[in-house]
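Enquirer: Here you go, final24.txt (compact mmCIF, N, CA and C atoms):
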```txt
# COMPACT_ATOMS: atom_id res chain seq x y z
N MET E 23 76.03 -14.65 90.54
CA MET E 23 76.21 -13.65 89.50
C MET E 23 74.88 -13.36 88.82
N LYS E 24 74.10 -14.42 88.58
CA LYS E 24 72.80 -14.25 87.93
C LYS E 24 71.87 -13.41 88.80
N ASN E 25 71.92 -13.62 90.12
CA ASN E 25 71.10 -12.84 91.04
C ASN E 25 71.52 -11.38 91.07
N LEU E 26 72.82 -11.12 90.99
CA LEU E 26 73.32 -9.75 90.95
C LEU E 26 72.83 -9.03 89.71
N PHE E 27 72.93 -9.70 88.57
CA PHE E 27 72.45 -9.11 87.31
C PHE E 27 70.96 -8.82 87.40
N LEU E 28 70.18 -9.75 87.91
CA LEU E 28 68.74 -9.57 88.05
C LEU E 28 68.43 -8.42 89.01
N SER E 29 69.16 -8.29 90.09
CA SER E 29 68.96 -7.21 91.05
C SER E 29 69.25 -5.85 90.43
N VAL E 30 70.34 -5.78 89.68
CA VAL E 30 70.71 -4.52 89.00
C VAL E 30 69.64 -4.15 87.98
N LEU E 31 69.16 -5.13 87.24
CA LEU E 31 68.12 -4.88 86.24
C LEU E 31 66.85 -4.36 86.90
N ILE E 32 66.47 -4.97 88.00
CA ILE E 32 65.26 -4.52 88.72
C ILE E 32 65.46 -3.10 89.25
N LEU E 33 66.62 -2.80 89.80
CA LEU E 33 66.89 -1.44 90.30
C LEU E 33 66.84 -0.42 89.17
N LEU E 34 67.38 -0.78 88.01
CA LEU E 34 67.34 0.14 86.87
C LEU E 34 65.91 0.39 86.42
N LEU E 35 65.10 -0.65 86.39
CA LEU E 35 63.69 -0.48 86.00
C LEU E 35 62.94 0.39 87.00
N ILE E 36 63.21 0.17 88.28
CA ILE E 36 62.55 0.99 89.32
C ILE E 36 63.00 2.43 89.20
N ALA E 37 64.29 2.66 89.02
CA ALA E 37 64.82 4.02 88.91
C ALA E 37 64.26 4.74 87.70
N SER E 38 64.17 4.04 86.57
CA SER E 38 63.67 4.70 85.37
C SER E 38 62.18 5.01 85.47
N SER E 39 61.44 4.19 86.21
CA SER E 39 60.01 4.46 86.35
C SER E 39 59.75 5.57 87.36
N CYS E 40 60.73 5.89 88.19
CA CYS E 40 60.56 6.94 89.20
C CYS E 40 60.90 8.33 88.67
N LYS E 41 61.47 8.39 87.47
CA LYS E 41 61.78 9.71 86.90
C LYS E 41 60.50 10.50 86.74
N GLU E 42 60.61 11.79 86.99
CA GLU E 42 59.43 12.64 86.81
C GLU E 42 59.06 12.71 85.34
N LYS E 43 57.79 12.54 85.09
CA LYS E 43 57.31 12.70 83.72
C LYS E 43 57.15 14.18 83.45
N GLN E 44 57.54 14.59 82.26
CA GLN E 44 57.35 15.98 81.89
C GLN E 44 55.89 16.20 81.55
N VAL E 45 55.29 17.16 82.23
CA VAL E 45 53.89 17.48 81.99
C VAL E 45 53.85 18.64 81.00
N VAL E 46 53.13 18.42 79.92
CA VAL E 46 53.01 19.47 78.92
C VAL E 46 51.79 20.32 79.30
N ASN E 47 52.01 21.58 79.44
CA ASN E 47 50.98 22.52 79.85
C ASN E 47 50.28 23.09 78.60
N GLN E 48 48.95 23.11 78.59
CA GLN E 48 48.21 23.62 77.43
C GLN E 48 48.55 25.09 77.15
N ASP E 49 48.79 25.86 78.21
CA ASP E 49 49.17 27.27 78.01
C ASP E 49 50.47 27.37 77.21
N ASP E 50 51.43 26.50 77.52
CA ASP E 50 52.70 26.50 76.79
C ASP E 50 52.50 26.09 75.33
N ILE E 51 51.65 25.09 75.12
CA ILE E 51 51.36 24.64 73.75
C ILE E 51 50.73 25.79 72.96
N ASP E 52 49.72 26.44 73.56
CA ASP E 52 49.04 27.54 72.89
C ASP E 52 49.98 28.69 72.58
N LYS E 53 50.84 29.02 73.54
CA LYS E 53 51.79 30.11 73.33
C LYS E 53 52.69 29.81 72.14
N GLN E 54 53.18 28.58 72.06
CA GLN E 54 54.06 28.21 70.95
C GLN E 54 53.30 28.23 69.63
N LEU E 55 52.05 27.75 69.63
CA LEU E 55 51.23 27.79 68.41
C LEU E 55 51.03 29.23 67.93
N ILE E 56 50.77 30.13 68.87
CA ILE E 56 50.57 31.54 68.50
C ILE E 56 51.86 32.14 67.97
N ILE E 57 52.96 31.89 68.66
CA ILE E 57 54.25 32.43 68.21
C ILE E 57 54.59 31.91 66.81
N ASN E 58 54.38 30.62 66.58
CA ASN E 58 54.64 30.05 65.25
C ASN E 58 53.77 30.71 64.19
N TYR E 59 52.49 30.90 64.50
CA TYR E 59 51.56 31.52 63.56
C TYR E 59 52.01 32.95 63.23
N LEU E 60 52.36 33.70 64.26
CA LEU E 60 52.80 35.09 64.05
C LEU E 60 54.06 35.14 63.19
N GLU E 61 55.01 34.26 63.47
CA GLU E 61 56.26 34.23 62.69
C GLU E 61 55.99 33.83 61.24
N GLU E 62 55.17 32.79 61.05
CA GLU E 62 54.89 32.31 59.69
C GLU E 62 54.15 33.36 58.86
N ASN E 63 53.40 34.22 59.52
CA ASN E 63 52.62 35.24 58.82
C ASN E 63 53.22 36.63 58.93
N ASN E 64 54.47 36.70 59.43
CA ASN E 64 55.20 37.96 59.54
C ASN E 64 54.39 39.03 60.27
N ILE E 65 53.83 38.64 61.43
CA ILE E 65 53.02 39.54 62.24
C ILE E 65 53.78 39.88 63.50
N THR E 66 53.87 41.16 63.81
CA THR E 66 54.48 41.61 65.06
C THR E 66 53.35 41.94 66.03
N ALA E 67 53.31 41.23 67.14
CA ALA E 67 52.23 41.40 68.11
C ALA E 67 52.81 41.68 69.49
N GLU E 68 52.01 42.32 70.30
CA GLU E 68 52.32 42.53 71.72
C GLU E 68 51.69 41.37 72.48
N SER E 69 52.10 41.18 73.74
CA SER E 69 51.48 40.14 74.55
C SER E 69 51.30 40.63 75.97
N THR E 70 50.40 39.98 76.66
CA THR E 70 50.15 40.28 78.07
C THR E 70 50.71 39.12 78.90
N ALA E 71 50.78 39.33 80.21
CA ALA E 71 51.28 38.28 81.11
C ALA E 71 50.38 37.05 81.08
N SER E 72 49.12 37.22 80.73
CA SER E 72 48.17 36.10 80.72
C SER E 72 48.33 35.20 79.49
N GLY E 73 49.10 35.66 78.49
CA GLY E 73 49.30 34.87 77.28
C GLY E 73 48.50 35.37 76.09
N LEU E 74 47.74 36.43 76.25
CA LEU E 74 47.00 37.04 75.15
C LEU E 74 47.99 37.79 74.26
N PHE E 75 47.90 37.56 72.95
CA PHE E 75 48.68 38.33 71.99
C PHE E 75 47.71 39.23 71.23
N TYR E 76 48.18 40.41 70.82
CA TYR E 76 47.29 41.35 70.15
C TYR E 76 48.06 42.30 69.25
N VAL E 77 47.33 42.80 68.25
CA VAL E 77 47.85 43.84 67.36
C VAL E 77 46.79 44.92 67.31
N ILE E 78 47.14 46.11 67.74
CA ILE E 78 46.22 47.24 67.66
C ILE E 78 46.34 47.83 66.26
N LYS E 79 45.24 47.75 65.49
CA LYS E 79 45.20 48.27 64.12
C LYS E 79 44.90 49.76 64.12
N GLU E 80 43.98 50.16 64.99
CA GLU E 80 43.65 51.57 65.21
C GLU E 80 43.36 51.72 66.69
N SER E 81 43.99 52.69 67.33
CA SER E 81 43.86 52.82 68.78
C SER E 81 42.52 53.38 69.23
N GLY E 82 41.81 54.08 68.34
CA GLY E 82 40.54 54.69 68.74
C GLY E 82 40.78 55.94 69.56
N ASN E 83 39.71 56.44 70.18
CA ASN E 83 39.87 57.66 70.98
C ASN E 83 40.41 57.35 72.37
N GLU E 84 40.44 58.36 73.23
CA GLU E 84 41.04 58.20 74.56
C GLU E 84 40.14 57.47 75.54
N ARG E 85 38.86 57.29 75.22
CA ARG E 85 37.92 56.59 76.11
C ARG E 85 38.03 55.08 75.89
N HIS E 86 38.34 54.36 76.96
CA HIS E 86 38.48 52.91 76.90
C HIS E 86 37.42 52.27 77.80
N PRO E 87 36.83 51.17 77.35
CA PRO E 87 35.82 50.51 78.16
C PRO E 87 36.44 49.84 79.40
N SER E 88 35.61 49.66 80.41
CA SER E 88 36.02 48.92 81.61
C SER E 88 35.42 47.52 81.54
N ALA E 89 35.73 46.71 82.52
CA ALA E 89 35.26 45.32 82.54
C ALA E 89 33.75 45.21 82.56
N THR E 90 33.06 46.23 83.06
CA THR E 90 31.60 46.17 83.17
C THR E 90 30.88 47.01 82.11
N SER E 91 31.62 47.55 81.16
CA SER E 91 31.00 48.37 80.12
C SER E 91 30.12 47.52 79.21
N THR E 92 29.11 48.15 78.66
CA THR E 92 28.31 47.54 77.60
C THR E 92 28.93 48.01 76.29
N ILE E 93 29.39 47.06 75.49
CA ILE E 93 30.13 47.39 74.27
C ILE E 93 29.30 47.06 73.04
N THR E 94 29.58 47.77 71.96
CA THR E 94 29.01 47.45 70.65
C THR E 94 30.18 47.29 69.70
N VAL E 95 30.27 46.08 69.12
CA VAL E 95 31.42 45.73 68.27
C VAL E 95 30.96 45.04 67.00
N SER E 96 31.84 45.04 66.02
CA SER E 96 31.74 44.14 64.87
C SER E 96 32.97 43.27 64.96
N TYR E 97 32.83 41.99 64.59
CA TYR E 97 33.94 41.07 64.78
C TYR E 97 33.86 39.91 63.79
N ALA E 98 35.01 39.28 63.61
CA ALA E 98 35.10 38.03 62.85
C ALA E 98 36.07 37.14 63.60
N GLY E 99 35.66 35.89 63.83
CA GLY E 99 36.51 34.93 64.53
C GLY E 99 36.90 33.79 63.63
N ARG E 100 38.16 33.35 63.79
CA ARG E 100 38.65 32.21 63.00
C ARG E 100 39.65 31.42 63.83
N LEU E 101 39.90 30.20 63.40
CA LEU E 101 40.90 29.35 64.02
C LEU E 101 42.26 29.62 63.38
N LEU E 102 43.31 29.06 63.96
CA LEU E 102 44.66 29.26 63.40
C LEU E 102 44.79 28.75 61.98
N ASN E 103 43.98 27.77 61.60
CA ASN E 103 44.05 27.24 60.23
C ASN E 103 43.26 28.10 59.24
N GLY E 104 42.70 29.22 59.72
CA GLY E 104 41.97 30.14 58.86
C GLY E 104 40.48 29.87 58.79
N GLN E 105 40.03 28.77 59.38
CA GLN E 105 38.61 28.39 59.34
C GLN E 105 37.78 29.38 60.15
N PRO E 106 36.85 30.12 59.51
CA PRO E 106 35.99 31.04 60.25
C PRO E 106 34.98 30.26 61.09
N PHE E 107 34.65 30.80 62.27
CA PHE E 107 33.65 30.13 63.10
C PHE E 107 32.54 31.05 63.57
N ASP E 108 32.74 32.37 63.47
CA ASP E 108 31.69 33.29 63.93
C ASP E 108 32.01 34.69 63.42
N GLN E 109 30.94 35.48 63.25
CA GLN E 109 31.11 36.90 62.94
C GLN E 109 29.84 37.62 63.34
N GLY E 110 29.97 38.91 63.56
CA GLY E 110 28.80 39.70 63.93
C GLY E 110 29.04 41.17 63.64
N SER E 111 27.95 41.88 63.38
CA SER E 111 28.03 43.32 63.13
C SER E 111 27.17 44.05 64.15
N PHE E 112 27.75 45.06 64.74
CA PHE E 112 27.07 45.90 65.73
C PHE E 112 26.41 45.03 66.81
N PHE E 113 27.20 44.10 67.32
CA PHE E 113 26.81 43.20 68.40
C PHE E 113 26.99 43.95 69.72
N THR E 114 25.96 43.96 70.56
CA THR E 114 26.01 44.69 71.83
C THR E 114 25.84 43.72 72.99
N THR E 115 26.73 43.83 73.97
CA THR E 115 26.66 43.02 75.18
C THR E 115 27.55 43.64 76.25
N SER E 116 27.42 43.13 77.46
CA SER E 116 28.30 43.54 78.55
C SER E 116 29.63 42.82 78.41
N LEU E 117 30.71 43.54 78.52
CA LEU E 117 32.04 42.95 78.34
C LEU E 117 32.28 41.81 79.32
N ASP E 118 31.75 41.91 80.52
CA ASP E 118 32.00 40.87 81.52
C ASP E 118 31.27 39.55 81.23
N ARG E 119 30.47 39.51 80.17
CA ARG E 119 29.77 38.28 79.78
C ARG E 119 30.51 37.52 78.68
N LEU E 120 31.65 38.05 78.25
CA LEU E 120 32.40 37.48 77.14
C LEU E 120 33.61 36.70 77.62
N ILE E 121 34.24 35.97 76.72
CA ILE E 121 35.42 35.19 77.10
C ILE E 121 36.52 36.12 77.62
N LYS E 122 37.38 35.56 78.44
CA LYS E 122 38.44 36.35 79.09
C LYS E 122 39.35 37.05 78.09
N GLY E 123 39.59 36.44 76.95
CA GLY E 123 40.44 37.08 75.94
C GLY E 123 39.87 38.41 75.48
N TRP E 124 38.55 38.46 75.31
CA TRP E 124 37.89 39.72 74.95
C TRP E 124 37.92 40.69 76.13
N GLN E 125 37.67 40.19 77.31
CA GLN E 125 37.66 41.04 78.50
C GLN E 125 39.00 41.74 78.69
N GLN E 126 40.07 41.04 78.38
CA GLN E 126 41.41 41.63 78.52
C GLN E 126 41.82 42.46 77.31
N GLY E 127 41.38 42.07 76.12
CA GLY E 127 41.85 42.71 74.91
C GLY E 127 41.11 43.97 74.50
N ILE E 128 39.80 43.97 74.63
CA ILE E 128 39.01 45.12 74.16
C ILE E 128 39.34 46.41 74.91
N PRO E 129 39.58 46.39 76.23
CA PRO E 129 39.95 47.65 76.91
C PRO E 129 41.29 48.24 76.45
N LEU E 130 42.04 47.53 75.64
CA LEU E 130 43.31 48.07 75.12
C LEU E 130 43.09 49.11 74.04
N ILE E 131 41.86 49.20 73.52
CA ILE E 131 41.56 50.19 72.49
C ILE E 131 40.42 51.09 72.98
N GLY E 132 40.32 52.26 72.36
CA GLY E 132 39.23 53.17 72.67
C GLY E 132 38.14 53.08 71.62
N GLU E 133 37.08 53.85 71.82
CA GLU E 133 35.99 53.88 70.84
C GLU E 133 36.54 54.18 69.46
N GLY E 134 36.05 53.44 68.47
CA GLY E 134 36.52 53.60 67.11
C GLY E 134 37.78 52.80 66.82
N GLY E 135 38.29 52.09 67.82
CA GLY E 135 39.52 51.32 67.66
C GLY E 135 39.28 49.96 67.02
N LYS E 136 40.37 49.42 66.49
CA LYS E 136 40.34 48.09 65.89
C LYS E 136 41.52 47.29 66.42
N ILE E 137 41.27 46.01 66.71
CA ILE E 137 42.30 45.17 67.29
C ILE E 137 42.15 43.74 66.77
N THR E 138 43.27 43.06 66.66
CA THR E 138 43.25 41.62 66.38
C THR E 138 43.78 40.93 67.63
N LEU E 139 42.99 39.98 68.13
CA LEU E 139 43.35 39.23 69.33
C LEU E 139 43.72 37.80 68.95
N TYR E 140 44.82 37.32 69.51
CA TYR E 140 45.26 35.93 69.37
C TYR E 140 45.11 35.32 70.76
N ILE E 141 44.05 34.55 70.93
CA ILE E 141 43.60 34.14 72.26
C ILE E 141 43.93 32.68 72.52
N PRO E 142 44.78 32.42 73.54
CA PRO E 142 45.04 31.02 73.91
C PRO E 142 43.76 30.38 74.45
N SER E 143 43.70 29.07 74.35
CA SER E 143 42.46 28.37 74.72
C SER E 143 42.02 28.65 76.16
N GLY E 144 42.96 28.85 77.06
CA GLY E 144 42.61 29.13 78.45
C GLY E 144 41.87 30.44 78.64
N LEU E 145 42.00 31.36 77.68
CA LEU E 145 41.29 32.64 77.74
C LEU E 145 40.09 32.62 76.79
N GLY E 146 39.86 31.46 76.17
CA GLY E 146 38.74 31.29 75.25
C GLY E 146 37.76 30.29 75.82
N TYR E 147 37.64 29.16 75.16
CA TYR E 147 36.69 28.13 75.59
C TYR E 147 37.37 26.95 76.26
N GLY E 148 38.68 27.02 76.48
CA GLY E 148 39.40 25.98 77.20
C GLY E 148 39.29 24.63 76.54
N ASN E 149 39.12 23.61 77.36
CA ASN E 149 39.06 22.25 76.83
C ASN E 149 37.64 21.83 76.45
N GLN E 150 36.73 22.79 76.36
CA GLN E 150 35.36 22.53 75.95
C GLN E 150 35.20 22.84 74.46
N ALA E 151 34.69 21.90 73.72
CA ALA E 151 34.37 22.17 72.32
C ALA E 151 33.09 23.00 72.29
N SER E 152 33.00 23.91 71.34
CA SER E 152 31.84 24.77 71.24
C SER E 152 31.47 24.95 69.76
N ASP E 153 30.40 24.30 69.34
CA ASP E 153 29.90 24.40 67.98
C ASP E 153 31.02 24.12 66.96
N LYS E 154 31.54 25.14 66.31
CA LYS E 154 32.58 24.98 65.28
C LYS E 154 33.99 25.09 65.84
N ILE E 155 34.11 25.17 67.16
CA ILE E 155 35.41 25.38 67.79
C ILE E 155 35.82 24.11 68.54
N PRO E 156 36.88 23.44 68.09
CA PRO E 156 37.35 22.25 68.81
C PRO E 156 37.91 22.62 70.19
N ALA E 157 37.95 21.65 71.09
CA ALA E 157 38.54 21.87 72.42
C ALA E 157 39.99 22.32 72.27
N ASN E 158 40.45 23.14 73.21
CA ASN E 158 41.83 23.63 73.27
C ASN E 158 42.26 24.39 72.02
N SER E 159 41.34 25.16 71.44
CA SER E 159 41.65 25.92 70.23
C SER E 159 42.14 27.32 70.55
N VAL E 160 43.19 27.73 69.85
CA VAL E 160 43.61 29.13 69.84
C VAL E 160 42.64 29.85 68.91
N LEU E 161 42.18 31.02 69.34
CA LEU E 161 41.20 31.79 68.57
C LEU E 161 41.82 33.09 68.08
N ILE E 162 41.41 33.51 66.89
CA ILE E 162 41.82 34.82 66.36
C ILE E 162 40.55 35.62 66.11
N PHE E 163 40.52 36.83 66.65
CA PHE E 163 39.38 37.72 66.44
C PHE E 163 39.86 39.07 65.90
N ASP E 164 39.22 39.53 64.84
CA ASP E 164 39.38 40.91 64.37
C ASP E 164 38.17 41.65 64.91
N ILE E 165 38.41 42.70 65.70
CA ILE E 165 37.33 43.38 66.40
C ILE E 165 37.40 44.88 66.16
N SER E 166 36.25 45.47 65.87
CA SER E 166 36.11 46.93 65.81
C SER E 166 35.20 47.35 66.94
N LEU E 167 35.69 48.23 67.80
CA LEU E 167 34.87 48.74 68.91
C LEU E 167 34.19 50.02 68.45
N HIS E 168 32.89 49.94 68.22
CA HIS E 168 32.14 51.10 67.74
C HIS E 168 31.91 52.10 68.86
N TYR E 169 31.33 51.64 69.97
CA TYR E 169 31.10 52.50 71.12
C TYR E 169 30.79 51.63 72.32
N PHE E 170 30.74 52.29 73.48
CA PHE E 170 30.42 51.56 74.72
C PHE E 170 29.77 52.54 75.70
N ALA E 171 29.13 51.97 76.70
CA ALA E 171 28.53 52.74 77.79
C ALA E 171 28.94 52.08 79.10
N ASP E 172 29.21 52.93 80.08
CA ASP E 172 29.56 52.39 81.42
C ASP E 172 28.34 52.16 82.26
```
I'd like the structure from this file rewritten - as C-alpha cells, please.
Expert:
Amino acid sequence: MKNLFLSVLILLLIASSCKEKQVVNQDDIDKQLIINYLEENNITAESTASGLFYVIKESGNERHPSATSTITVSYAGRLLNGQPFDQGSFFTTSLDRLIKGWQQGIPLIGEGGKITLYIPSGLGYGNQASDKIPANSVLIFDISLHYFAD
C-alpha cells in the first residue's frame, strides 16, 4: 500500500511538472497597459494590426509622407506614468531612421497634421533601456508634422 501511494504521488508530481507553462508575451502586456491607460484617461483611440494605438488630432492636408520621406516634426515623448523623456521642435530626419511606431504612425496624417501615438515597446525600443526610457516601455508621443519631402 505504501508503494502504491508513493507511486501515485510520483506520477502526480511528474504530471503537474509536464503541464505547459503559460508564456506571457510582452506585446500582450503592452496592449493591456495601453488599453488601461486609454480607459483611465477617457481616450478613444484607433489601433493597427501591429499594436500601435493612435489619435489623430488634426488630419493635415491630403499629402502623406512615405516610409522614405524626410520629415520635419515637433514632438514630445513621455512614458505611461507621465514622465517626459524627450522633445524637439522642427526636428528633421528620414522617417525610415526612426522607431517603427513613428514609421507606422506618421504616414497616417498629412502635412500640418497632429497625432498622438501610443507605442508598444516592440515598436519602440523593445527590451533595451535607452537613456530615460526603461526596457519594455510603452511610449506616448504627441507629434506635429510640419512638412516633408520625398
Enquirer: Kindly indicate which residue among E:Ile165, E:Ala171, E:Ile131, E:Ala151 lies nearest to Ser81 of chain E, using only C-alpha atoms for the distances.
Expert: E:Ile131
Enquirer: Give me, please, the distance in Å between atom CA of Asp118 of chain E and atom C of Asp49 of chain E, quoted to one decimal.
Expert: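 Distance between the two atoms: 23.3 Å.
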Enquirer: What would the list of residues within 6.5 Å of (42.2, 56.9, 70.3) (file frame) look like as a list of chain:residue names, if all atoms listed in the file are what count?
Expert: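 Here the neighbourhood of the point contains E:Glu80, E:Ser81, E:Gly82, E:Asn83, E:Glu84, E:Arg85, E:Gly132, E:Glu133.
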Enquirer: Could you write out as lines of an AutoDock Vina configuration file the box around segment 114-128 of chain E (axis-aligned, all atoms listed in the file, 8 Å on each side), with centre and edge lengths in Å to one decimal?
Expert:
```
center_x = 33.8
center_y = 40.8
center_z = 76.0
size_x = 32.0
size_y = 27.2
size_z = 27.0
```
Enquirer: When you count all atoms listed in the file, which of these residues is closest to Ala98 of chain E: E:Leu145, E:Ile162, E:Leu139, E:Leu167?
Expert: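 Between E:Leu145, E:Ile162, E:Leu139, E:Leu167, the residue approaching Ala98 of chain E most closely is E:Ile162.
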Enquirer: Name the closest residue to Gly146 of chain E among the candidates E:Gly104, E:Gly123, E:Gly73, E:Gly110; distances are taken between atoms, counting only C-alpha atoms.
Expert: E:Gly123
Enquirer: Pick out the closest residue to Pro87 of chain E from this set: E:Phe163, E:Asn158, E:Ser152, E:Ile128. Count all atoms listed in the file.
Expert: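 Nearest candidate to Pro87 of chain E out of E:Phe163, E:Asn158, E:Ser152, E:Ile128: E:Ile128.
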Enquirer: Quick one: residues within 7 Å of Gly148 of chain E, only N, CA and C atoms counted, chain neighbours fewer than 4 positions away excluded, as a list of chain:residue names?
Expert: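 These residues fall inside the cut-off: E:Pro142, E:Ser143, E:Gly144, E:Pro156, E:Ala157, E:Asn158, E:Ser159.
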